Number of protein chains: 4
Amino acid sequence: MSIAVIYGSTRLHGNTEQLTEYVIKGLEVEKIFLRDFLIQPIDDRRHTEGGFQPVDDDYSVLVERMMKHDTFIFATPIYWYSMSGTMKNFIDRWSHTMRDEKFPGFKKQLGTKKAYVVAVGGDNPYLKGLPLIQQFNYIFEFMGISFGGYVLGKAGRPGDISEDTAAISAAVNLMRK
Amino acid sequence: MSIAVIYGSTRLHGNTEQLTEYVIKGLEVEKIFLRDFLIQPIDDRRHTEGGFQPVDDDYSVLVERMMKHDTFIFATPIYWYSMSGTMKNFIDRWSHTMRDEKFPGFKKQLGTKKAYVVAVGGDNPYLKGLPLIQQFNYIFEFMGISFGGYVLGKAGRPGDISEDTAAISAAVNLMRK
Amino acid sequence: MSIAVIYGSTRLHGNTEQLTEYVIKGLEVEKIFLRDFLIQPIDDRRHTEGGFQPVDDDYSVLVERMMKHDTFIFATPIYWYSMSGTMKNFIDRWSHTMRDEKFPGFKKQLGTKKAYVVAVGGDNPYLKGLPLIQQFNYIFEFMGISFGGYVLGKAGRPGDISEDTAAISAAVNLMRK
Amino acid sequence: MSIAVIYGSTRLHGNTEQLTEYVIKGLEVEKIFLRDFLIQPIDDRRHTEGGFQPVDDDYSVLVERMMKHDTFIFATPIYWYSMSGTMKNFIDRWSHTMRDEKFPGFKKQLGTKKAYVVAVGGDNPYLKGLPLIQQFNYIFEFMGISFGGYVLGKAGRPGDISEDTAAISAAVNLMRK
């Protein structure tokens with residue numbers, strides 16, 4: 001098992017990162033902090049003459065780093081009841097990559113991967129985070145990615161996650177079941 | 001009633017725009033195409049010394065345009081089972097605006113608004129678009145925005161929406177009930 | 001196309017029935033009013049020695065009537081944000097029928113059917129009825145039933161559905177798209 | 001804290017019961033096994049002359065037992081992606097009780113209660129059980145019941161729940177957080 005953690009948060013060492021630490025404790029992982037890179041929104045050219053065009057940003061490098069691994073952890077704060085816009089832009093771009101001759105077999109390769117989700121929010125995440133989980137499930141289903149499981153945690157101010165013992169316990173168990 | 005339509009799509013005159021035309025036919029609206037503007041992802045500084053900092057992009061102008069109206073229509077293609085990353089970044093930034101002294105009473109003002117959602121997707125949107133609707137519902141609830149209703153349409157290739165007569169009929173009825 | 005409508009309501013000529021009339025107008029259907037029959041809750045004996053036992057009620061007759069058709073409409077009031085208990089007991093019993101030698105090939109036959117859902121509720125059904133739609137979707141997926149579509153309507157007091165013109169329009173379109 | 005556990009399963013000592021044991025270990029509870037009682041489906045007479053009529057079954061006794069406690073645990077197997085029909089019929093009848101002069105202040109009293117949900121299913125309950133959780137959330141919201149939390153467990157054959165260590169861990173933590 002080789003693991004990439006894709007972080008969607010904008011804060012350094014925030015609650016989402018802290019909760020994810022319990023998931024990956026003792027495991028070797030590659031951490032990809034999306035906030036450190038430039039990711040353009042997708043320009044949907046699926047049906048445009050000439051198709052998608054090369055984009056001058058960091059997206060391709062990030063996808064290449066991710067695809068070297070067989071297991072992904074998507075770790076995102078819950079912003080407005082979904083993943084952060086930064087992470088969403090990253091995933092939106094997959095629509096381009098699926099049609100990019102520089103990434104042949106992108107979808108097929110994803111179909112061999114396994115993914116987990118760690119999401120932390122301040123407003124009743126155990127209930128209001130469920131549409132986000134369902135959304136990830138549809139994303140994974142479409143790509144053929146196996147959905148290994150998820151953890152929802154509750155935290156608002158920095159460090160609050162340390163009080164969500166149920167989430168911490170679930171995080172510790174996430175990849176061990 | 002004064003209406004702003006906020007478009008999240010990247011394609012010009014795409015299916016989402018076309019379906020929205022049925023909603024707004026005969027009504028005066030201001031159209032805001034997010035794709036034409038630079039919107040940075042939020043830098044979450046709610047808990048950082050100094051708080052949020054001014055951002056050099058077009059976001060503030062867009063919010064000001066939106067807030068002049070009492071009714072919003074969020075029109076987005078369904079990308080990966082939620083709103084586009086572009087629209088998500090726009091909404092993520094509300095967390096800053098809520099704490100921005102240049103926008104006093106932002107949340108309170110939103111609490112007087114009404115909003116509708118128009119969303120078009122290619123992969124079973126009537127079912128797989130439901131988490132998106134639930135996310136919008138939570139967003140509106142948090143802000144006190146009245147959720148007027150939504151329309152889901154099915155379309156993949158350009159113009160396909162014209163075949164979704166049920167969606168068109170629902171679009172025509174959306175603001176008339 | 002041969003259609004069975006399975007009604008879960010307890011009231012005669014209630015809002016759910018009225019909305020369903022718009023769906024089936026001009027079509028020949030067999031109407032099955034579950035309220036007129038005795039349907040015992042399932043006694044889950046999947047893992048009990050001897051397995052399921054014959055049950056002395058009307059369930060088998062109702063299933064036989066339903067299975068003569070290739071298209072089903074499940075028409076239920078939204079009681080407590082899901083189908084009525086009467087309809088739930090009817091569907092729960094399918095777990096028995098799948099293992100009943102008197103109904104060989106039950107699941108396989110269902111895999112050739114198409115189903116629609118009509119559901120009417122008084123408390124924001126367009127949003128709070130969505131988990132019910134997702135539940136039906138999982139039920140149909142498990143059985144291989146094709147999910148043709150659904151209509152949600154809003155009504156509380158008798159006859160209120162006549163004011164939900166959007167639902168009526170959707171009902172008229174449901175089986176015509 | 002005084003606790004009633006309302007069991008919706010039909011099997012004795014099934015997986016749902018077993019998982020619930022981890023929740024209530026060391027706590028004094030009153031166990032209400034709905035399967036041991038006769039509960040008629042509701043006859044919706046909210047809008048009928050004369051209103052609801054007395055029903056000759058065990059429902060009233062069960063509600064009285066439940067209402068003596070301030071905390072409820074609804075423990076149900078996931079049958080067809082929702083609670084069992086037996087439990088659904090029990091809850092459907094609340095619509096009568098809300099209007100029953102023999103239970104004055106029923107809804108108001110419920111507004112002081114706290115409730116938990118334990119649900120066990122065989123078909124991907126962590127995802128396909130989410131609509132059930134959302135449904136319970138709407139039920140509790142309507143009644144003003146505080147939703148304390150939930151546990152989803154995976155099990156098919158008798159005893160399988162013992163292998164779902166994540167669910168067991170969550171069950172142990174459920175009422176302790």
# chains A, B, ... in the order shown; residues from 1 in each chain; ligands from 1

$ interface_residues --of "chain A" --to "chain D" --cutoff "10 Å" --atoms "only C-alpha atoms" --output "VMD selection string"
chain A and resid 126 to 128 130 to 131 133 to 134 137 147 149 to 150 163 to 167 169 to 177

$ select_by_dssp --residues "chain D" --states "strand (DSSP E)" --output "PyMOL selection string"
chain D and resi 3-7+29-33+71-77+114-121+146-154

$ residues_around --residues "Phe106 (chain D)" --least-positions-apart "4" --cutoff "8 Å" --atoms "only C-alpha atoms" --output "list in words"
Thr97, Met98 and Leu110 of chain D

$ residues_around --residues "Arg93 (chain B)" --least-positions-apart "3" --cutoff "6 Å" --atoms "only C-alpha atoms" --output "PyMOL selection string"
chain B and resi 42+90+96

$ select_by_dssp --residues "region 67-171 of chain D" --states "helix (DSSP H, G or I)" --output "number ranges by chain"
D: 67, 85-92, 94-97, 106-110, 125-128, 130-143, 160-163, 165-171

$ write_last_selection --atoms "C-alpha atoms" --output "PDB file, in the first residue's frame"
ATOM      1  CA  MET D  67     -42.334   8.562  27.425  1.00  0.00           C
ATOM      2  CA  GLY D  85     -41.827  -1.615   8.839  1.00  0.00           C
ATOM      3  CA  THR D  86     -42.609  -2.487  12.435  1.00  0.00           C
ATOM      4  CA  MET D  87     -40.717   0.535  13.729  1.00  0.00           C
ATOM      5  CA  LYS D  88     -42.153   2.691  10.940  1.00  0.00           C
ATOM      6  CA  ASN D  89     -45.693   1.783  11.935  1.00  0.00           C
ATOM      7  CA  PHE D  90     -44.843   2.681  15.524  1.00  0.00           C
ATOM      8  CA  ILE D  91     -43.571   6.108  14.496  1.00  0.00           C
ATOM      9  CA  ASP D  92     -46.385   6.686  11.990  1.00  0.00           C
ATOM     10  CA  TRP D  94     -47.220   9.464  16.522  1.00  0.00           C
ATOM     11  CA  SER D  95     -49.368  11.521  14.122  1.00  0.00           C
ATOM     12  CA  HIS D  96     -52.385  10.212  16.006  1.00  0.00           C
ATOM     13  CA  THR D  97     -50.845  10.663  19.451  1.00  0.00           C
ATOM     14  CA  PHE D 106     -47.017  14.756  23.494  1.00  0.00           C
ATOM     15  CA  LYS D 107     -45.002  16.864  21.046  1.00  0.00           C
ATOM     16  CA  LYS D 108     -44.009  19.353  23.718  1.00  0.00           C
ATOM     17  CA  GLN D 109     -42.724  16.556  25.935  1.00  0.00           C
ATOM     18  CA  LEU D 110     -40.796  15.021  23.041  1.00  0.00           C
ATOM     19  CA  PRO D 125     -24.675   0.667   5.433  1.00  0.00           C
ATOM     20  CA  TYR D 126     -22.080   3.447   5.845  1.00  0.00           C
ATOM     21  CA  LEU D 127     -23.313   4.912   2.573  1.00  0.00           C
ATOM     22  CA  LYS D 128     -26.690   3.359   1.859  1.00  0.00           C
ATOM     23  CA  LEU D 130     -27.343   7.667   5.205  1.00  0.00           C
ATOM     24  CA  PRO D 131     -30.857   8.440   3.919  1.00  0.00           C
ATOM     25  CA  LEU D 132     -32.197   6.600   6.975  1.00  0.00           C
ATOM     26  CA  ILE D 133     -30.096   8.848   9.216  1.00  0.00           C
ATOM     27  CA  GLN D 134     -31.332  11.929   7.374  1.00  0.00           C
ATOM     28  CA  GLN D 135     -34.889  10.668   7.772  1.00  0.00           C
ATOM     29  CA  PHE D 136     -34.449  10.231  11.532  1.00  0.00           C
ATOM     30  CA  ASN D 137     -32.937  13.716  11.662  1.00  0.00           C
ATOM     31  CA  TYR D 138     -36.059  15.196  10.065  1.00  0.00           C
ATOM     32  CA  ILE D 139     -38.293  13.231  12.455  1.00  0.00           C
ATOM     33  CA  PHE D 140     -36.363  14.462  15.473  1.00  0.00           C
ATOM     34  CA  GLU D 141     -36.246  18.040  14.167  1.00  0.00           C
ATOM     35  CA  PHE D 142     -39.999  18.083  13.651  1.00  0.00           C
ATOM     36  CA  MET D 143     -40.607  16.898  17.196  1.00  0.00           C
ATOM     37  CA  ASP D 160     -21.245 -10.753  11.853  1.00  0.00           C
ATOM     38  CA  ILE D 161     -21.357  -7.480  13.734  1.00  0.00           C
ATOM     39  CA  SER D 162     -18.540  -8.701  15.972  1.00  0.00           C
ATOM     40  CA  GLU D 163     -16.206  -8.205  13.012  1.00  0.00           C
ATOM     41  CA  THR D 165     -14.659  -3.210  14.994  1.00  0.00           C
ATOM     42  CA  ALA D 166     -15.128   0.367  13.786  1.00  0.00           C
ATOM     43  CA  ALA D 167     -18.859   0.185  14.498  1.00  0.00           C
ATOM     44  CA  ILE D 168     -18.249  -1.401  17.891  1.00  0.00           C
ATOM     45  CA  SER D 169     -15.796   1.337  18.773  1.00  0.00           C
ATOM     46  CA  ALA D 170     -18.284   3.985  17.660  1.00  0.00           C
ATOM     47  CA  ALA D 171     -21.016   2.260  19.681  1.00  0.00           C
TER      48      ALA D 171
END

$ atom_distance --atom1 "CA of Lys68 (chain D)" --atom2 "CA of Lys113 (chain D)"
10.4 Å

$ atom_distance --atom1 "CA of Ala4 (chain C)" --atom2 "CA of Phe74 (chain C)"
8.6 Å

$ atom_distance --atom1 "CA of Glu21 (chain D)" --atom2 "CA of Tyr7 (chain D)"
11.8 Å

$ residues_around --residues "Val118 (chain D)" --least-positions-apart "5" --cutoff "7 Å" --atoms "only C-alpha atoms" --output "list of chain:residue names"
D:Thr20, D:Phe74, D:Ala75, D:Thr76, D:Tyr150, D:Val151, D:Leu152

$ residues_around --residues "Val120 (chain A)" --least-positions-apart "3" --cutoff "7 Å" --atoms "only C-alpha atoms" --output "ChimeraX atom specification"
/A:15-16,76-78,125,152-155

$ write_last_selection --atoms "N, CA, C and O atoms" --output "PDB file, in the first residue's frame"
ATOM      1  N   ASN A  15      -7.535  21.686  11.836  1.00  0.00           N
ATOM      2  CA  ASN A  15      -8.207  20.531  12.428  1.00  0.00           C
ATOM      3  C   ASN A  15      -8.259  19.329  11.484  1.00  0.00           C
ATOM      4  O   ASN A  15      -8.138  18.188  11.930  1.00  0.00           O
ATOM      5  N   THR A  16      -8.448  19.595  10.204  1.00  0.00           N
ATOM      6  CA  THR A  16      -8.510  18.488   9.250  1.00  0.00           C
ATOM      7  C   THR A  16      -7.160  17.763   9.202  1.00  0.00           C
ATOM      8  O   THR A  16      -7.118  16.523   9.212  1.00  0.00           O
ATOM      9  N   THR A  76     -10.327  17.154   3.722  1.00  0.00           N
ATOM     10  CA  THR A  76     -10.813  18.507   3.439  1.00  0.00           C
ATOM     11  C   THR A  76     -11.620  19.067   4.594  1.00  0.00           C
ATOM     12  O   THR A  76     -12.389  18.335   5.230  1.00  0.00           O
ATOM     13  N   PRO A  77     -11.430  20.345   4.882  1.00  0.00           N
ATOM     14  CA  PRO A  77     -12.389  20.981   5.774  1.00  0.00           C
ATOM     15  C   PRO A  77     -13.730  21.043   5.051  1.00  0.00           C
ATOM     16  O   PRO A  77     -13.765  21.061   3.816  1.00  0.00           O
ATOM     17  N   ILE A  78     -14.800  21.027   5.813  1.00  0.00           N
ATOM     18  CA  ILE A  78     -16.116  21.192   5.197  1.00  0.00           C
ATOM     19  C   ILE A  78     -16.391  22.691   5.111  1.00  0.00           C
ATOM     20  O   ILE A  78     -16.651  23.334   6.115  1.00  0.00           O
ATOM     21  N   PRO A 125     -21.387  18.376  11.493  1.00  0.00           N
ATOM     22  CA  PRO A 125     -20.852  17.645  10.333  1.00  0.00           C
ATOM     23  C   PRO A 125     -21.376  16.215  10.209  1.00  0.00           C
ATOM     24  O   PRO A 125     -21.428  15.683   9.103  1.00  0.00           O
ATOM     25  N   LEU A 152     -15.964  11.711   9.753  1.00  0.00           N
ATOM     26  CA  LEU A 152     -16.428  13.083   9.904  1.00  0.00           C
ATOM     27  C   LEU A 152     -16.059  13.566  11.301  1.00  0.00           C
ATOM     28  O   LEU A 152     -16.262  12.849  12.285  1.00  0.00           O
ATOM     29  N   GLY A 153     -15.494  14.755  11.393  1.00  0.00           N
ATOM     30  CA  GLY A 153     -15.130  15.309  12.689  1.00  0.00           C
ATOM     31  C   GLY A 153     -15.720  16.687  12.870  1.00  0.00           C
ATOM     32  O   GLY A 153     -16.001  17.384  11.901  1.00  0.00           O
ATOM     33  N   LYS A 154     -15.895  17.060  14.132  1.00  0.00           N
ATOM     34  CA  LYS A 154     -16.474  18.378  14.435  1.00  0.00           C
ATOM     35  C   LYS A 154     -15.427  19.276  15.082  1.00  0.00           C
ATOM     36  O   LYS A 154     -14.811  18.908  16.096  1.00  0.00           O
ATOM     37  N   ALA A 155     -15.219  20.442  14.479  1.00  0.00           N
ATOM     38  CA  ALA A 155     -14.280  21.406  15.049  1.00  0.00           C
ATOM     39  C   ALA A 155     -14.511  22.762  14.416  1.00  0.00           C
ATOM     40  O   ALA A 155     -14.815  22.867  13.225  1.00  0.00           O
TER      41      ALA A 155
END

$ residues_around --residues "Glu28 (chain D)" --least-positions-apart "5" --cutoff "10 Å" --atoms "only C-alpha atoms" --output "list in words"
Met1, Ser2, Ile3 and Ala4 of chain D

$ write_last_selection --atoms "N, CA and C atoms" --output "PDB file, in the first residue's frame"
ATOM      1  N   MET D   1     -30.271  10.678  33.748  1.00  0.00           N
ATOM      2  CA  MET D   1     -30.613  10.124  32.436  1.00  0.00           C
ATOM      3  C   MET D   1     -31.339   8.797  32.604  1.00  0.00           C
ATOM      4  N   SER D   2     -32.482   8.682  31.965  1.00  0.00           N
ATOM      5  CA  SER D   2     -33.284   7.466  32.007  1.00  0.00           C
ATOM      6  C   SER D   2     -33.530   7.048  30.558  1.00  0.00           C
ATOM      7  N   ILE D   3     -33.182   5.819  30.225  1.00  0.00           N
ATOM      8  CA  ILE D   3     -33.067   5.421  28.818  1.00  0.00           C
ATOM      9  C   ILE D   3     -34.066   4.342  28.410  1.00  0.00           C
ATOM     10  N   ALA D   4     -34.755   4.570  27.305  1.00  0.00           N
ATOM     11  CA  ALA D   4     -35.557   3.525  26.668  1.00  0.00           C
ATOM     12  C   ALA D   4     -34.901   3.134  25.356  1.00  0.00           C
TER      13      ALA D   4
END

$ decode --residues "region 69-159 of chain B" --atoms "C-alpha atoms" --output "PDB file, in the first residue's frame"
ATOM      1  CA  HIS B  69     -30.886  42.185  -5.836  1.00  0.00           C
ATOM      2  CA  ASP B  70     -33.388  40.420  -3.603  1.00  0.00           C
ATOM      3  CA  THR B  71     -33.615  37.179  -5.555  1.00  0.00           C
ATOM      4  CA  PHE B  72     -30.745  34.955  -6.690  1.00  0.00           C
ATOM      5  CA  ILE B  73     -30.655  32.124  -9.165  1.00  0.00           C
ATOM      6  CA  PHE B  74     -27.612  29.904  -8.833  1.00  0.00           C
ATOM      7  CA  ALA B  75     -27.188  28.258 -12.226  1.00  0.00           C
ATOM      8  CA  THR B  76     -24.452  25.664 -12.340  1.00  0.00           C
ATOM      9  CA  PRO B  77     -23.511  22.651 -14.360  1.00  0.00           C
ATOM     10  CA  ILE B  78     -23.143  19.603 -12.147  1.00  0.00           C
ATOM     11  CA  TYR B  79     -19.422  18.923 -12.163  1.00  0.00           C
ATOM     12  CA  TRP B  80     -18.552  15.823 -10.197  1.00  0.00           C
ATOM     13  CA  TYR B  81     -21.920  15.816  -8.464  1.00  0.00           C
ATOM     14  CA  SER B  82     -21.768  19.329  -7.077  1.00  0.00           C
ATOM     15  CA  MET B  83     -21.485  22.929  -8.197  1.00  0.00           C
ATOM     16  CA  SER B  84     -18.486  23.940 -10.299  1.00  0.00           C
ATOM     17  CA  GLY B  85     -15.252  24.780  -8.492  1.00  0.00           C
ATOM     18  CA  THR B  86     -15.597  28.320  -9.755  1.00  0.00           C
ATOM     19  CA  MET B  87     -18.953  28.765  -8.038  1.00  0.00           C
ATOM     20  CA  LYS B  88     -17.659  26.951  -4.958  1.00  0.00           C
ATOM     21  CA  ASN B  89     -14.765  29.372  -4.638  1.00  0.00           C
ATOM     22  CA  PHE B  90     -17.227  32.247  -4.932  1.00  0.00           C
ATOM     23  CA  ILE B  91     -19.366  30.866  -2.109  1.00  0.00           C
ATOM     24  CA  ASP B  92     -16.364  29.864   0.023  1.00  0.00           C
ATOM     25  CA  ARG B  93     -15.382  33.516   0.084  1.00  0.00           C
ATOM     26  CA  TRP B  94     -18.638  34.394   1.854  1.00  0.00           C
ATOM     27  CA  SER B  95     -16.880  33.245   5.037  1.00  0.00           C
ATOM     28  CA  HIS B  96     -14.560  36.218   4.603  1.00  0.00           C
ATOM     29  CA  THR B  97     -17.335  38.647   3.673  1.00  0.00           C
ATOM     30  CA  MET B  98     -19.254  37.729   6.828  1.00  0.00           C
ATOM     31  CA  ARG B  99     -16.288  39.129   8.765  1.00  0.00           C
ATOM     32  CA  ASP B 100     -15.444  42.010   6.428  1.00  0.00           C
ATOM     33  CA  GLU B 101     -16.108  45.492   7.792  1.00  0.00           C
ATOM     34  CA  LYS B 102     -16.543  46.679   4.221  1.00  0.00           C
ATOM     35  CA  PHE B 103     -19.681  44.487   4.052  1.00  0.00           C
ATOM     36  CA  PRO B 104     -21.423  45.186   7.362  1.00  0.00           C
ATOM     37  CA  GLY B 105     -24.575  43.159   7.841  1.00  0.00           C
ATOM     38  CA  PHE B 106     -23.785  40.740   5.004  1.00  0.00           C
ATOM     39  CA  LYS B 107     -25.405  37.731   6.664  1.00  0.00           C
ATOM     40  CA  LYS B 108     -28.313  39.773   7.951  1.00  0.00           C
ATOM     41  CA  GLN B 109     -28.994  41.107   4.470  1.00  0.00           C
ATOM     42  CA  LEU B 110     -28.792  37.631   2.981  1.00  0.00           C
ATOM     43  CA  GLY B 111     -31.481  36.652   5.469  1.00  0.00           C
ATOM     44  CA  THR B 112     -33.923  38.786   3.475  1.00  0.00           C
ATOM     45  CA  LYS B 113     -33.117  37.162   0.127  1.00  0.00           C
ATOM     46  CA  LYS B 114     -34.682  34.322  -1.802  1.00  0.00           C
ATOM     47  CA  ALA B 115     -32.735  31.861  -3.925  1.00  0.00           C
ATOM     48  CA  TYR B 116     -33.340  29.273  -6.614  1.00  0.00           C
ATOM     49  CA  VAL B 117     -31.042  26.621  -8.053  1.00  0.00           C
ATOM     50  CA  VAL B 118     -30.778  25.435 -11.638  1.00  0.00           C
ATOM     51  CA  ALA B 119     -28.374  22.537 -12.159  1.00  0.00           C
ATOM     52  CA  VAL B 120     -27.709  20.425 -15.222  1.00  0.00           C
ATOM     53  CA  GLY B 121     -25.710  17.220 -15.351  1.00  0.00           C
ATOM     54  CA  GLY B 122     -25.136  14.277 -17.617  1.00  0.00           C
ATOM     55  CA  ASP B 123     -25.074  11.390 -15.154  1.00  0.00           C
ATOM     56  CA  ASN B 124     -28.537  10.797 -13.719  1.00  0.00           C
ATOM     57  CA  PRO B 125     -28.907  14.295 -12.241  1.00  0.00           C
ATOM     58  CA  TYR B 126     -32.388  13.600 -10.817  1.00  0.00           C
ATOM     59  CA  LEU B 127     -30.767  11.258  -8.320  1.00  0.00           C
ATOM     60  CA  LYS B 128     -27.065  12.060  -8.287  1.00  0.00           C
ATOM     61  CA  GLY B 129     -27.760  15.789  -8.156  1.00  0.00           C
ATOM     62  CA  LEU B 130     -29.674  15.474  -4.875  1.00  0.00           C
ATOM     63  CA  PRO B 131     -26.629  15.883  -2.595  1.00  0.00           C
ATOM     64  CA  LEU B 132     -25.944  19.166  -4.407  1.00  0.00           C
ATOM     65  CA  ILE B 133     -29.486  20.324  -3.651  1.00  0.00           C
ATOM     66  CA  GLN B 134     -29.050  19.328  -0.011  1.00  0.00           C
ATOM     67  CA  GLN B 135     -25.771  21.275   0.130  1.00  0.00           C
ATOM     68  CA  PHE B 136     -27.444  24.382  -1.261  1.00  0.00           C
ATOM     69  CA  ASN B 137     -30.253  23.909   1.257  1.00  0.00           C
ATOM     70  CA  TYR B 138     -27.759  23.906   4.140  1.00  0.00           C
ATOM     71  CA  ILE B 139     -26.005  26.974   2.711  1.00  0.00           C
ATOM     72  CA  PHE B 140     -29.271  28.860   2.414  1.00  0.00           C
ATOM     73  CA  GLU B 141     -30.434  27.744   5.871  1.00  0.00           C
ATOM     74  CA  PHE B 142     -27.201  28.932   7.465  1.00  0.00           C
ATOM     75  CA  MET B 143     -27.540  32.348   5.866  1.00  0.00           C
ATOM     76  CA  GLY B 144     -31.287  32.578   6.396  1.00  0.00           C
ATOM     77  CA  ILE B 145     -31.899  32.709   2.649  1.00  0.00           C
ATOM     78  CA  SER B 146     -35.326  31.431   1.645  1.00  0.00           C
ATOM     79  CA  PHE B 147     -34.990  28.459  -0.735  1.00  0.00           C
ATOM     80  CA  GLY B 148     -37.557  29.084  -3.452  1.00  0.00           C
ATOM     81  CA  GLY B 149     -37.048  25.860  -5.365  1.00  0.00           C
ATOM     82  CA  TYR B 150     -34.798  24.043  -7.794  1.00  0.00           C
ATOM     83  CA  VAL B 151     -34.730  22.432 -11.201  1.00  0.00           C
ATOM     84  CA  LEU B 152     -32.518  19.524 -12.203  1.00  0.00           C
ATOM     85  CA  GLY B 153     -31.932  18.897 -15.892  1.00  0.00           C
ATOM     86  CA  LYS B 154     -30.180  16.172 -17.841  1.00  0.00           C
ATOM     87  CA  ALA B 155     -27.798  17.015 -20.646  1.00  0.00           C
ATOM     88  CA  GLY B 156     -24.374  15.970 -21.818  1.00  0.00           C
ATOM     89  CA  ARG B 157     -23.601  17.306 -25.269  1.00  0.00           C
ATOM     90  CA  PRO B 158     -24.344  20.903 -26.254  1.00  0.00           C
ATOM     91  CA  GLY B 159     -28.055  21.487 -26.743  1.00  0.00           C
TER      92      GLY B 159
END
